[in-house]
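Novice: Structure file upload.cif, mmCIF, C-alpha atoms, is pasted below:
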```cif
data_my_file
loop_
_atom_site.label_atom_id
_atom_site.label_comp_id
_atom_site.auth_asym_id
_atom_site.auth_seq_id
_atom_site.Cartn_x
_atom_site.Cartn_y
_atom_site.Cartn_z
CA MET Y 11 2.99 19.48 7.95
CA ALA Y 12 6.44 20.56 6.92
CA GLY Y 13 5.95 24.10 8.17
CA GLY Y 14 5.45 22.97 11.77
CA THR Y 15 3.08 21.18 14.10
CA SER Y 16 -0.53 21.59 13.06
CA PHE Y 17 -2.17 20.48 16.29
CA ALA Y 18 -1.86 21.14 20.03
CA LEU Y 19 0.57 18.81 21.79
CA ASN Y 20 0.44 17.30 25.24
CA ALA Y 21 3.35 18.91 27.06
CA ASP Y 22 4.12 15.71 28.98
CA THR Y 23 4.05 13.13 26.16
CA GLY Y 24 4.79 15.28 23.10
CA LEU Y 25 1.81 13.66 21.33
CA PRO Y 26 -1.35 15.43 20.17
CA ALA Y 27 -3.59 16.45 23.07
CA GLY Y 28 -6.33 13.91 23.76
CA TRP Y 29 -4.49 10.95 22.22
CA PRO Y 30 -3.83 7.83 24.34
CA ALA Y 31 -0.78 8.19 26.54
CA PRO Y 32 2.09 5.74 26.07
CA ASP Y 33 3.11 3.53 28.95
CA PRO Y 34 5.78 5.00 31.26
CA ASP Y 35 8.57 2.72 29.99
CA ALA Y 36 7.95 3.68 26.35
CA LEU Y 37 7.78 7.36 27.27
CA ALA Y 38 11.10 7.08 29.13
CA LEU Y 39 12.72 5.54 26.03
CA SER Y 40 11.31 8.34 23.86
CA ARG Y 41 12.80 10.96 26.16
CA ARG Y 42 16.19 9.23 26.03
CA LEU Y 43 16.02 9.16 22.23
CA ALA Y 44 15.02 12.83 22.13
CA ALA Y 45 18.00 13.71 24.33
CA LEU Y 46 20.30 11.75 22.00
CA LEU Y 47 18.92 13.54 18.94
CA ARG Y 48 19.29 16.95 20.59
CA ALA Y 49 22.91 16.13 21.39
CA ARG Y 50 23.61 15.09 17.79
CA ILE Y 51 22.05 18.28 16.46
CA GLY Y 52 24.03 20.31 18.98
CA GLU Y 53 27.28 18.72 17.87
CA GLY Y 54 26.79 18.48 14.12
CA GLY Y 55 23.96 20.85 13.23
CA PRO Y 56 20.51 20.08 11.79
CA LEU Y 57 19.91 16.47 10.77
CA PRO Y 58 18.84 15.61 7.21
CA PHE Y 59 15.44 14.00 7.48
CA ASP Y 60 16.65 10.57 6.32
CA ALA Y 61 19.16 10.57 9.21
CA TRP Y 62 16.37 11.61 11.60
CA MET Y 63 14.05 8.89 10.27
CA GLU Y 64 16.79 6.26 10.53
CA SER Y 65 17.28 7.12 14.18
CA VAL Y 66 13.65 7.38 15.29
CA LEU Y 67 12.87 4.04 13.67
CA TYR Y 68 16.02 1.98 14.20
CA GLU Y 69 18.24 3.51 16.91
CA PRO Y 70 19.39 0.43 18.88
CA GLY Y 71 17.24 -0.06 21.97
CA LEU Y 72 15.40 3.25 21.48
CA GLY Y 73 13.93 3.47 17.96
CA TYR Y 74 10.36 2.57 17.08
CA TYR Y 75 11.25 -0.84 15.64
CA SER Y 76 14.00 -1.50 18.18
CA GLY Y 77 11.98 -0.91 21.34
CA GLY Y 78 9.60 -3.38 22.90
CA GLN Y 79 6.27 -1.51 22.70
CA GLU Y 80 3.29 -2.97 20.86
CA LYS Y 81 3.23 -2.00 17.18
CA PHE Y 82 0.87 -4.29 15.32
CA GLY Y 83 -2.81 -5.14 15.58
CA ALA Y 84 -5.61 -3.69 17.67
CA ALA Y 85 -3.34 -2.89 20.64
CA GLY Y 86 -0.66 -1.32 18.45
CA ASP Y 87 -0.45 1.50 15.93
CA PHE Y 88 -1.48 -0.05 12.62
CA VAL Y 89 -2.71 -3.24 10.97
CA THR Y 90 -0.95 -4.99 8.07
CA ALA Y 91 -2.53 -7.33 5.54
CA PRO Y 92 -1.34 -10.54 7.29
CA LEU Y 93 -3.15 -9.34 10.42
CA VAL Y 94 -6.32 -8.54 8.48
CA SER Y 95 -6.71 -12.12 7.29
CA PRO Y 96 -4.80 -15.38 6.81
CA LEU Y 97 -6.12 -15.21 3.23
CA PHE Y 98 -3.24 -12.87 2.42
CA ALA Y 99 -0.55 -15.36 3.44
CA TRP Y 100 -2.50 -18.29 1.96
CA SER Y 101 -2.55 -16.46 -1.40
CA LEU Y 102 1.18 -15.73 -1.17
CA ALA Y 103 1.85 -19.37 -0.34
CA GLY Y 104 0.66 -20.49 -3.76
CA GLN Y 105 2.95 -17.95 -5.43
CA CYS Y 106 5.89 -19.12 -3.32
CA ALA Y 107 5.19 -22.75 -4.19
CA GLU Y 108 5.06 -21.83 -7.87
CA VAL Y 109 8.44 -20.04 -7.79
CA LEU Y 110 10.11 -22.71 -5.65
CA ALA Y 111 9.04 -25.40 -8.12
CA ALA Y 112 10.16 -23.36 -11.13
CA VAL Y 113 13.71 -22.78 -9.83
CA HIS Y 114 14.05 -25.96 -7.75
CA GLY Y 115 14.41 -23.69 -4.74
CA ASP Y 116 14.49 -24.62 -1.10
CA THR Y 117 14.36 -21.30 0.79
CA ILE Y 118 11.95 -18.49 1.61
CA LEU Y 119 13.33 -15.32 3.17
CA GLU Y 120 10.88 -12.90 4.77
CA LEU Y 121 12.07 -9.35 5.42
CA GLY Y 122 10.56 -7.41 8.31
CA PRO Y 123 8.28 -10.24 9.50
CA GLY Y 124 6.25 -8.19 11.97
CA ASP Y 125 4.62 -10.32 14.63
CA GLY Y 126 5.18 -13.58 12.71
CA SER Y 127 1.58 -14.01 11.52
CA MET Y 128 2.45 -14.12 7.82
CA ALA Y 129 5.20 -16.69 8.36
CA ALA Y 130 2.94 -18.91 10.45
CA ASP Y 131 -0.03 -18.79 8.06
CA LEU Y 132 2.17 -19.15 4.98
CA LEU Y 133 3.96 -22.20 6.35
CA ALA Y 134 0.65 -23.79 7.33
CA GLU Y 135 -0.72 -23.30 3.82
CA LEU Y 136 2.47 -24.55 2.16
CA GLU Y 137 2.21 -27.68 4.29
CA ARG Y 138 -1.40 -28.13 3.14
CA GLN Y 139 -0.20 -27.82 -0.46
CA GLU Y 140 2.70 -30.25 0.22
CA ALA Y 141 5.14 -27.54 -0.92
CA LEU Y 142 7.13 -26.75 2.22
CA PRO Y 143 10.57 -25.21 1.70
CA ARG Y 144 13.56 -26.73 3.46
CA ARG Y 145 14.30 -23.38 5.11
CA TYR Y 146 12.21 -20.39 6.13
CA TRP Y 147 14.36 -17.43 7.16
CA LEU Y 148 13.13 -14.32 8.97
CA LEU Y 149 15.33 -11.23 8.77
CA GLU Y 150 14.71 -9.45 12.06
CA ARG Y 151 17.10 -7.39 14.18
CA SER Y 152 14.73 -6.55 17.05
CA ALA Y 153 15.03 -9.01 19.93
CA SER Y 154 11.52 -8.23 21.18
CA LEU Y 155 9.99 -8.84 17.73
CA ARG Y 156 11.96 -12.07 17.34
CA GLN Y 157 10.40 -13.31 20.55
CA ARG Y 158 6.89 -12.41 19.35
CA GLN Y 159 7.51 -14.15 16.04
CA ARG Y 160 8.76 -17.28 17.79
CA GLU Y 161 5.69 -17.32 20.05
CA ARG Y 162 3.35 -16.94 17.07
CA LEU Y 163 5.01 -19.77 15.15
CA GLN Y 164 5.00 -21.94 18.25
CA ALA Y 165 1.26 -21.35 18.63
CA VAL Y 166 0.33 -22.04 14.98
CA VAL Y 167 2.92 -24.42 13.48
CA PRO Y 168 5.08 -25.77 16.34
CA HIS Y 169 6.01 -28.87 14.33
CA LEU Y 170 7.57 -26.69 11.60
CA LEU Y 171 9.86 -24.62 13.83
CA ALA Y 172 12.84 -26.76 12.87
CA ARG Y 173 12.63 -25.25 9.36
CA VAL Y 174 12.69 -21.68 10.70
CA ASP Y 175 15.73 -19.58 11.48
CA TRP Y 176 16.32 -15.90 12.25
CA LEU Y 177 18.89 -13.70 10.50
CA GLU Y 178 20.27 -10.31 11.48
CA HIS Y 179 21.67 -9.61 8.02
CA LEU Y 180 21.00 -10.73 4.48
CA PRO Y 181 22.49 -14.17 3.74
CA GLU Y 182 26.12 -14.14 2.65
CA ARG Y 183 25.59 -16.93 0.12
CA PRO Y 184 22.97 -16.35 -2.60
CA MET Y 185 19.81 -18.42 -2.11
CA ARG Y 186 17.46 -20.21 -4.49
CA GLY Y 187 13.87 -19.38 -3.74
CA VAL Y 188 11.66 -16.45 -2.76
CA ILE Y 189 12.26 -13.19 -0.90
CA LEU Y 190 9.14 -11.59 0.58
CA ALA Y 191 8.97 -7.90 1.52
CA ASN Y 192 5.56 -6.91 2.87
CA GLU Y 193 5.47 -3.27 4.03
CA VAL Y 194 9.26 -3.02 4.14
CA LEU Y 195 10.18 -0.41 1.53
CA ASP Y 196 7.89 2.22 3.09
CA ALA Y 197 10.05 2.12 6.22
CA LEU Y 198 13.30 2.92 4.39
CA PRO Y 199 14.43 6.43 5.43
CA VAL Y 200 13.65 9.20 2.95
CA ALA Y 201 15.11 12.65 2.32
CA ARG Y 202 12.57 15.48 2.13
CA PHE Y 203 13.03 18.23 -0.41
CA ARG Y 204 11.30 21.38 -1.60
CA ARG Y 205 11.58 22.58 -5.19
CA HIS Y 206 12.15 26.28 -5.68
CA ARG Y 207 12.57 28.18 -8.92
CA GLY Y 208 16.21 28.71 -8.08
CA GLY Y 209 17.00 25.14 -7.09
CA VAL Y 210 16.33 22.44 -4.53
CA ALA Y 211 16.21 22.88 -0.75
CA GLU Y 212 16.28 20.05 1.76
CA LEU Y 213 14.22 19.80 4.93
CA THR Y 214 16.29 19.09 8.01
CA VAL Y 215 15.41 18.76 11.68
CA THR Y 216 16.78 21.15 14.29
CA VAL Y 217 15.97 22.17 17.87
CA GLY Y 218 13.79 25.21 18.55
CA GLU Y 219 12.29 26.81 21.62
CA ASP Y 220 9.31 24.44 21.62
CA GLY Y 221 11.10 21.24 20.61
CA PHE Y 222 12.18 19.78 17.30
CA GLU Y 223 11.32 21.80 14.23
CA TRP Y 224 11.96 21.95 10.48
CA GLN Y 225 14.69 23.98 8.85
CA GLU Y 226 15.25 24.33 5.12
CA ARG Y 227 18.86 24.21 3.97
CA PRO Y 228 20.58 23.88 0.58
CA ALA Y 229 20.14 20.30 -0.60
CA ARG Y 230 23.00 17.85 -0.44
CA PRO Y 231 24.45 16.98 -3.86
CA GLN Y 232 22.95 13.49 -3.78
CA VAL Y 233 19.48 14.95 -3.18
CA GLU Y 234 19.92 17.45 -6.02
CA ARG Y 235 20.95 14.62 -8.34
CA ALA Y 236 18.00 12.48 -7.29
CA VAL Y 237 15.50 15.30 -7.89
CA ALA Y 238 17.12 16.04 -11.28
CA ALA Y 239 16.73 12.36 -12.24
CA ILE Y 240 13.06 12.41 -11.20
CA GLU Y 241 12.38 15.55 -13.24
CA SER Y 242 14.24 14.12 -16.24
CA ASP Y 243 12.11 10.99 -16.08
CA LEU Y 244 8.91 13.03 -15.72
CA GLY Y 245 9.91 15.35 -18.55
CA ARG Y 246 9.04 18.42 -16.50
CA THR Y 247 10.28 20.53 -13.62
CA LEU Y 248 8.35 20.16 -10.38
CA PRO Y 249 6.32 23.27 -9.43
CA ASP Y 250 7.75 26.05 -7.32
CA GLY Y 251 7.26 25.24 -3.63
CA TYR Y 252 6.65 21.54 -4.31
CA LEU Y 253 7.40 19.39 -1.24
CA SER Y 254 8.07 15.66 -1.48
CA GLU Y 255 10.56 12.95 -0.59
CA VAL Y 256 13.03 10.62 -2.25
CA CYS Y 257 14.52 7.38 -0.93
CA LEU Y 258 18.25 7.61 -1.53
CA GLN Y 259 18.79 4.12 -0.08
CA LEU Y 260 16.48 2.31 -2.48
CA PRO Y 261 18.98 1.51 -5.30
CA ALA Y 262 21.51 0.06 -2.83
CA PHE Y 263 18.76 -1.85 -1.05
CA MET Y 264 17.59 -3.50 -4.28
CA ALA Y 265 21.21 -4.28 -5.22
CA SER Y 266 21.74 -5.98 -1.86
CA LEU Y 267 18.72 -8.20 -2.51
CA ARG Y 268 20.14 -9.09 -5.91
CA ASP Y 269 23.34 -10.22 -4.21
CA SER Y 270 21.27 -12.50 -1.96
CA LEU Y 271 19.25 -14.16 -4.72
CA ALA Y 272 20.97 -16.68 -7.00
CA THR Y 273 17.74 -17.57 -8.74
CA GLY Y 274 14.11 -17.03 -7.85
CA ALA Y 275 11.85 -14.06 -7.21
CA LEU Y 276 11.42 -11.09 -4.92
CA LEU Y 277 7.82 -10.11 -4.13
CA VAL Y 278 7.29 -6.58 -2.78
CA VAL Y 279 3.91 -5.55 -1.34
CA ASP Y 280 3.52 -1.98 -0.14
CA TYR Y 281 1.55 1.22 -0.43
CA GLY Y 282 2.86 3.44 -3.17
CA TYR Y 283 2.60 4.70 -6.73
CA PRO Y 284 4.47 4.59 -10.01
CA ARG Y 285 6.62 7.71 -10.40
CA ARG Y 286 4.22 9.71 -12.57
CA GLU Y 287 1.52 9.27 -9.93
CA TYR Y 288 3.87 9.81 -7.01
CA TYR Y 289 5.09 13.21 -8.21
CA ARG Y 290 1.81 14.54 -9.57
CA ALA Y 291 1.62 18.33 -9.50
CA ASP Y 292 -1.25 18.29 -6.99
CA ARG Y 293 0.57 15.91 -4.61
CA ASP Y 294 2.61 18.86 -3.44
CA GLU Y 295 3.08 17.96 0.24
CA GLY Y 296 4.57 14.52 -0.31
CA THR Y 297 3.39 11.21 1.06
CA LEU Y 298 4.98 11.07 4.51
CA VAL Y 299 2.61 9.57 7.08
CA CYS Y 300 2.86 8.72 10.79
CA HIS Y 301 0.82 6.22 12.79
CA TYR Y 302 0.13 6.12 16.52
CA ARG Y 303 -2.60 3.93 18.02
CA HIS Y 304 -4.42 3.70 14.68
CA ARG Y 305 -4.37 7.47 14.21
CA ALA Y 306 -2.72 8.74 11.04
CA HIS Y 307 -1.17 12.19 10.89
CA TRP Y 308 1.61 14.06 9.10
CA ASP Y 309 4.02 15.38 11.75
CA PRO Y 310 6.99 13.06 12.39
CA LEU Y 311 8.79 15.32 14.87
CA PRO Y 312 6.91 14.90 18.20
CA ALA Y 313 7.59 11.95 20.52
CA PRO Y 314 10.49 10.29 18.65
CA GLY Y 315 10.40 6.51 18.84
CA LEU Y 316 6.74 6.33 19.86
CA GLN Y 317 5.16 6.59 16.42
CA ASP Y 318 5.70 4.87 13.10
CA VAL Y 319 7.06 7.10 10.34
CA SER Y 320 6.82 6.01 6.71
CA ALA Y 321 6.53 7.26 3.14
CA PHE Y 322 4.77 5.80 0.13
CA VAL Y 323 6.98 3.82 -2.24
CA ASP Y 324 8.08 5.11 -5.64
CA PHE Y 325 7.61 1.78 -7.43
CA THR Y 326 9.32 3.09 -10.55
CA ALA Y 327 12.44 3.74 -8.46
CA ALA Y 328 12.19 0.25 -6.96
CA ALA Y 329 11.87 -1.33 -10.42
CA LEU Y 330 14.77 0.73 -11.81
CA GLY Y 331 16.92 -0.18 -8.81
CA ALA Y 332 16.18 -3.86 -9.37
CA GLN Y 333 16.82 -3.60 -13.10
CA ASN Y 334 20.11 -1.75 -12.63
CA ALA Y 335 21.18 -4.46 -10.18
CA GLY Y 336 20.63 -7.16 -12.80
CA LEU Y 337 17.17 -8.36 -11.80
CA GLU Y 338 14.35 -8.75 -14.30
CA VAL Y 339 11.13 -6.86 -13.57
CA LEU Y 340 8.38 -9.46 -13.95
CA GLY Y 341 5.15 -7.92 -12.76
CA TYR Y 342 3.43 -4.92 -11.21
CA THR Y 343 -0.22 -4.60 -10.25
CA SER Y 344 -2.62 -3.65 -7.48
CA GLN Y 345 -2.99 -5.87 -4.44
CA ALA Y 346 -6.57 -6.64 -5.45
CA HIS Y 347 -5.63 -7.85 -8.92
CA PHE Y 348 -2.65 -9.77 -7.54
CA LEU Y 349 -4.69 -11.61 -4.89
CA MET Y 350 -7.43 -12.40 -7.40
CA GLY Y 351 -4.84 -13.75 -9.84
CA ALA Y 352 -3.23 -15.71 -7.01
CA GLY Y 353 -6.50 -17.49 -6.29
CA ILE Y 354 -7.98 -15.81 -3.24
CA THR Y 355 -11.52 -16.60 -4.36
CA GLU Y 356 -10.60 -20.26 -4.86
CA LEU Y 357 -9.12 -20.32 -1.35
CA LEU Y 358 -12.40 -19.00 -0.01
CA GLU Y 359 -14.36 -21.55 -2.01
CA ALA Y 360 -12.12 -24.38 -0.79
CA ARG Y 361 -13.16 -23.59 2.76
CA ARG Y 362 -16.86 -23.66 1.99
CA GLY Y 363 -18.56 -26.19 4.20
CA GLU Y 364 -16.46 -25.27 7.20
CA ASP Y 365 -17.92 -23.28 10.09
CA VAL Y 366 -20.47 -20.80 8.68
CA MET Y 367 -19.36 -17.97 10.94
CA GLU Y 368 -15.77 -18.55 9.88
CA GLN Y 369 -16.86 -18.33 6.25
CA VAL Y 370 -18.58 -15.01 6.89
CA ARG Y 371 -15.53 -13.71 8.76
CA LEU Y 372 -13.16 -14.67 5.94
CA ALA Y 373 -15.45 -13.10 3.33
CA GLN Y 374 -15.47 -9.81 5.27
CA GLN Y 375 -11.69 -9.93 5.58
CA ALA Y 376 -11.37 -10.52 1.85
CA LYS Y 377 -13.28 -7.29 1.22
CA THR Y 378 -10.70 -5.35 3.26
CA LEU Y 379 -7.88 -6.89 1.25
CA LEU Y 380 -9.56 -6.36 -2.13
CA LEU Y 381 -11.82 -3.30 -2.16
CA PRO Y 382 -10.38 -0.08 -3.66
CA GLY Y 383 -11.53 1.96 -0.65
CA ALA Y 384 -9.64 -0.36 1.70
CA MET Y 385 -6.32 -2.02 0.79
CA GLY Y 386 -7.05 -3.32 -2.68
CA GLU Y 387 -5.87 -0.33 -4.73
CA ARG Y 388 -3.70 1.58 -2.26
CA PHE Y 389 -1.31 -1.37 -1.96
CA ARG Y 390 0.68 -2.49 -4.99
CA VAL Y 391 2.71 -5.61 -5.74
CA LEU Y 392 6.02 -5.74 -7.61
CA ALA Y 393 7.79 -8.93 -8.66
CA VAL Y 394 11.38 -9.11 -9.87
CA GLY Y 395 13.34 -12.23 -10.72
CA ALA Y 396 16.81 -13.68 -11.03
CA GLY Y 397 17.42 -16.48 -13.50
CA ASN Y 398 15.07 -17.65 -16.21
CA ILE Y 399 11.74 -17.21 -14.43
CA SER Y 400 8.28 -16.09 -15.52
CA ALA Y 401 5.92 -13.76 -13.70
CA PRO Y 402 3.93 -15.59 -10.99
CA THR Y 403 0.25 -16.21 -11.75
CA GLY Y 404 -0.74 -13.41 -9.38
CA PHE Y 405 0.01 -11.08 -12.29
CA SER Y 406 -1.95 -13.05 -14.87
CA LEU Y 407 -5.19 -11.11 -14.37
CA TYR Y 408 -3.76 -7.62 -14.95
CA ASN Y 409 -0.04 -6.93 -15.26
CA GLN Y 410 0.53 -3.16 -15.22
CA LEU Y 411 4.25 -3.15 -16.05
CA ALA Y 412 3.66 -0.48 -18.69
CA ASN Y 413 2.55 1.93 -15.94
CA LEU Y 414 5.99 1.88 -14.36
#
```
Go through the file and emit its structure as structure tokens.
Specialist:
Amino acid sequence: MAGGTSFALNADTGLPAGWPAPDPDALALSRRLAALLRARIGEGGPLPFDAWMESVLYEPGLGYYSGGQEKFGAAGDFVTAPLVSPLFAWSLAGQCAEVLAAVHGDTILELGPGDGSMAADLLAELERQEALPRRYWLLERSASLRQRQRERLQAVVPHLLARVDWLEHLPERPMRGVILANEVLDALPVARFRRHRGGVAELTVTVGEDGFEWQERPARPQVERAVAAIESDLGRTLPDGYLSEVCLQLPAFMASLRDSLATGALLVVDYGYPRREYYRADRDEGTLVCHYRHRAHWDPLPAPGLQDVSAFVDFTAAALGAQNAGLEVLGYTSQAHFLMGAGITELLEARRGEDVMEQVRLAQQAKTLLLPGAMGERFRVLAVGAGNISAPTGFSLYNQLANL
């Protein structure tokens, strides 16, 4: 919680007592990162939380996504939809094929490709549909994750590796095709703020007697402006003491994607809410969440670099950022409605007659992707387009654009 640690910590690891210990190499990296953060705070004062989050996630060689420790799947900290079932990527494949055909595109760009499972399953399904793109790009800066992605592709679609290339930055020349962002926006650093009757305070991170701790300070002007814009959109002032977050980077991020897309579509899949849900009066402690070995909690300060730190996505902000950058907002719906519209049930039916146990396994996986109590409602899908393009058929069942 924002007021401080709400559970006893292991003095050696910095993680909650009783939780699995990290391996010695990962713990050593965390201690190096903690020393670096203490030095920065000592030199420049408390860090705004977005600067803290940027460092603990992406500090070269030390941050959560830059280090080599396991992150995904049963041995990691969390599971994403592509790891739940290949049905997710198979469903996306049809949407990609549809967009590529509509714009005569030849490229798919995947942002934050995880362990490479989605790329491998998507390429396999596109090959089955005879709709392979000429190029499949993976934007990945982590050398260790690049290696995992290459190994996964080599294991599943070795004959298609010639179509695959890795990027460290968005392409300089605009592409024609599809950009995929599955669980990417939630990892963009956020500023944390608290609304008071007299104004807006910002939560920063400083060093105390027992480690890193929160400190409220007057909000930076850009945070004040962002909160004012949120309240203007809501038509009300947030309650006194209200704690939440705002992603200052989101408009620039969406604009950068616009610069990379000549014509085609961007598909965003993530956990989040439209703005009026996000900033509900009773959601007064924000949406920040941390994951370590499949344990979710709400304190991002212990053990920097060892745990994932994320915040739910304000999909209204994402849509506005895209619109202001010149993209057209095409569709918005829940993951369940999107996958149903994209033909997940037909994909299951098409595999009827295969191994019975495999059928049962896929059906169980589909429930995780679709049921409201699992991923079906918590995850949302946003589509934006460049050029004269219609909403993909994934939004044909229930397009909730009006909710944004």
Novice: Tell me which residues the PyMOL selection byres ((chain Y and resi 43) around 9) grabs here, as a PyMOL selection string.
Specialist: chain Y and resi 38-42+44-48+65-66+69+72-73+314-315
Novice: What's the 9 Å shell around Phe203 (chain Y), counting all atoms listed in the file, without same-chain residues fewer than 4 positions away, as a list of chain:residue names?
Specialist: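 The neighbour list is Y:Val210, Y:Ala211, Y:Glu212, Y:Leu213, Y:Glu226, Y:Ala229, Y:Val233, Y:Glu234, Y:Val237, Y:Tyr252, Y:Leu253, Y:Ser254, Y:Glu255, Y:Val256.
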Novice: Where does the PyMOL selection byres ((chain Y and resi 191) around 6) land in this file, that is, which residues does it pick, as a list in words?
Specialist: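 This file, filtered by the PyMOL selection byres ((chain Y and resi 191) around 6), leaves Leu121, Leu190, Asn192, Val194 and Val278 of chain Y.
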Novice: If the PyMOL selection byres ((chain Y and resi 332) around 12) is run on the structure shown, which residues does it catch, given as a ChimeraX atom specification?
Specialist: /Y:260-269,271,275-278,325-331,333-340,392-396
Novice: Emit the selected residues as a PDB file, in the coordinates of the input, including C-alpha atoms.
Specialist:
```pdb
ATOM      1  CA  LEU Y 260      16.480   2.310  -2.480  1.00  0.00           C
ATOM      2  CA  PRO Y 261      18.980   1.510  -5.300  1.00  0.00           C
ATOM      3  CA  ALA Y 262      21.510   0.060  -2.830  1.00  0.00           C
ATOM      4  CA  PHE Y 263      18.760  -1.850  -1.050  1.00  0.00           C
ATOM      5  CA  MET Y 264      17.590  -3.500  -4.280  1.00  0.00           C
ATOM      6  CA  ALA Y 265      21.210  -4.280  -5.220  1.00  0.00           C
ATOM      7  CA  SER Y 266      21.740  -5.980  -1.860  1.00  0.00           C
ATOM      8  CA  LEU Y 267      18.720  -8.200  -2.510  1.00  0.00           C
ATOM      9  CA  ARG Y 268      20.140  -9.090  -5.910  1.00  0.00           C
ATOM     10  CA  ASP Y 269      23.340 -10.220  -4.210  1.00  0.00           C
ATOM     11  CA  LEU Y 271      19.250 -14.160  -4.720  1.00  0.00           C
ATOM     12  CA  ALA Y 275      11.850 -14.060  -7.210  1.00  0.00           C
ATOM     13  CA  LEU Y 276      11.420 -11.090  -4.920  1.00  0.00           C
ATOM     14  CA  LEU Y 277       7.820 -10.110  -4.130  1.00  0.00           C
ATOM     15  CA  VAL Y 278       7.290  -6.580  -2.780  1.00  0.00           C
ATOM     16  CA  PHE Y 325       7.610   1.780  -7.430  1.00  0.00           C
ATOM     17  CA  THR Y 326       9.320   3.090 -10.550  1.00  0.00           C
ATOM     18  CA  ALA Y 327      12.440   3.740  -8.460  1.00  0.00           C
ATOM     19  CA  ALA Y 328      12.190   0.250  -6.960  1.00  0.00           C
ATOM     20  CA  ALA Y 329      11.870  -1.330 -10.420  1.00  0.00           C
ATOM     21  CA  LEU Y 330      14.770   0.730 -11.810  1.00  0.00           C
ATOM     22  CA  GLY Y 331      16.920  -0.180  -8.810  1.00  0.00           C
ATOM     23  CA  GLN Y 333      16.820  -3.600 -13.100  1.00  0.00           C
ATOM     24  CA  ASN Y 334      20.110  -1.750 -12.630  1.00  0.00           C
ATOM     25  CA  ALA Y 335      21.180  -4.460 -10.180  1.00  0.00           C
ATOM     26  CA  GLY Y 336      20.630  -7.160 -12.800  1.00  0.00           C
ATOM     27  CA  LEU Y 337      17.170  -8.360 -11.800  1.00  0.00           C
ATOM     28  CA  GLU Y 338      14.350  -8.750 -14.300  1.00  0.00           C
ATOM     29  CA  VAL Y 339      11.130  -6.860 -13.570  1.00  0.00           C
ATOM     30  CA  LEU Y 340       8.380  -9.460 -13.950  1.00  0.00           C
ATOM     31  CA  LEU Y 392       6.020  -5.740  -7.610  1.00  0.00           C
ATOM     32  CA  ALA Y 393       7.790  -8.930  -8.660  1.00  0.00           C
ATOM     33  CA  VAL Y 394      11.380  -9.110  -9.870  1.00  0.00           C
ATOM     34  CA  GLY Y 395      13.340 -12.230 -10.720  1.00  0.00           C
ATOM     35  CA  ALA Y 396      16.810 -13.680 -11.030  1.00  0.00           C
TER      36      ALA Y 396
END
```
Novice: Would you please work out which residue, of Y:Arg145, Y:Gln369, Y:Ala376, Y:Arg162, is nearest to Thr355 (chain Y) when using all atoms listed in the file?
Specialist: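 For Thr355 (chain Y), the nearest of the given residues is Y:Ala376.
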Novice: Hey, which of Y:Asn413, Y:Thr378, Y:Thr216, Y:Thr403 ends up closest to Tyr342 (chain Y)? Count all atoms listed in the file.
Specialist: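 Of all the options, Y:Asn413 lies closest to Tyr342 (chain Y).
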Novice: Choose the residue, out of Y:Gly221, Y:Gly341, Y:Gly282, Y:Gly77, that has the smallest atom-to-atom separation from Arg156 (chain Y); count only C-alpha atoms.
Specialist: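 The shortest atom-to-atom distance to Arg156 (chain Y) comes from Y:Gly77.
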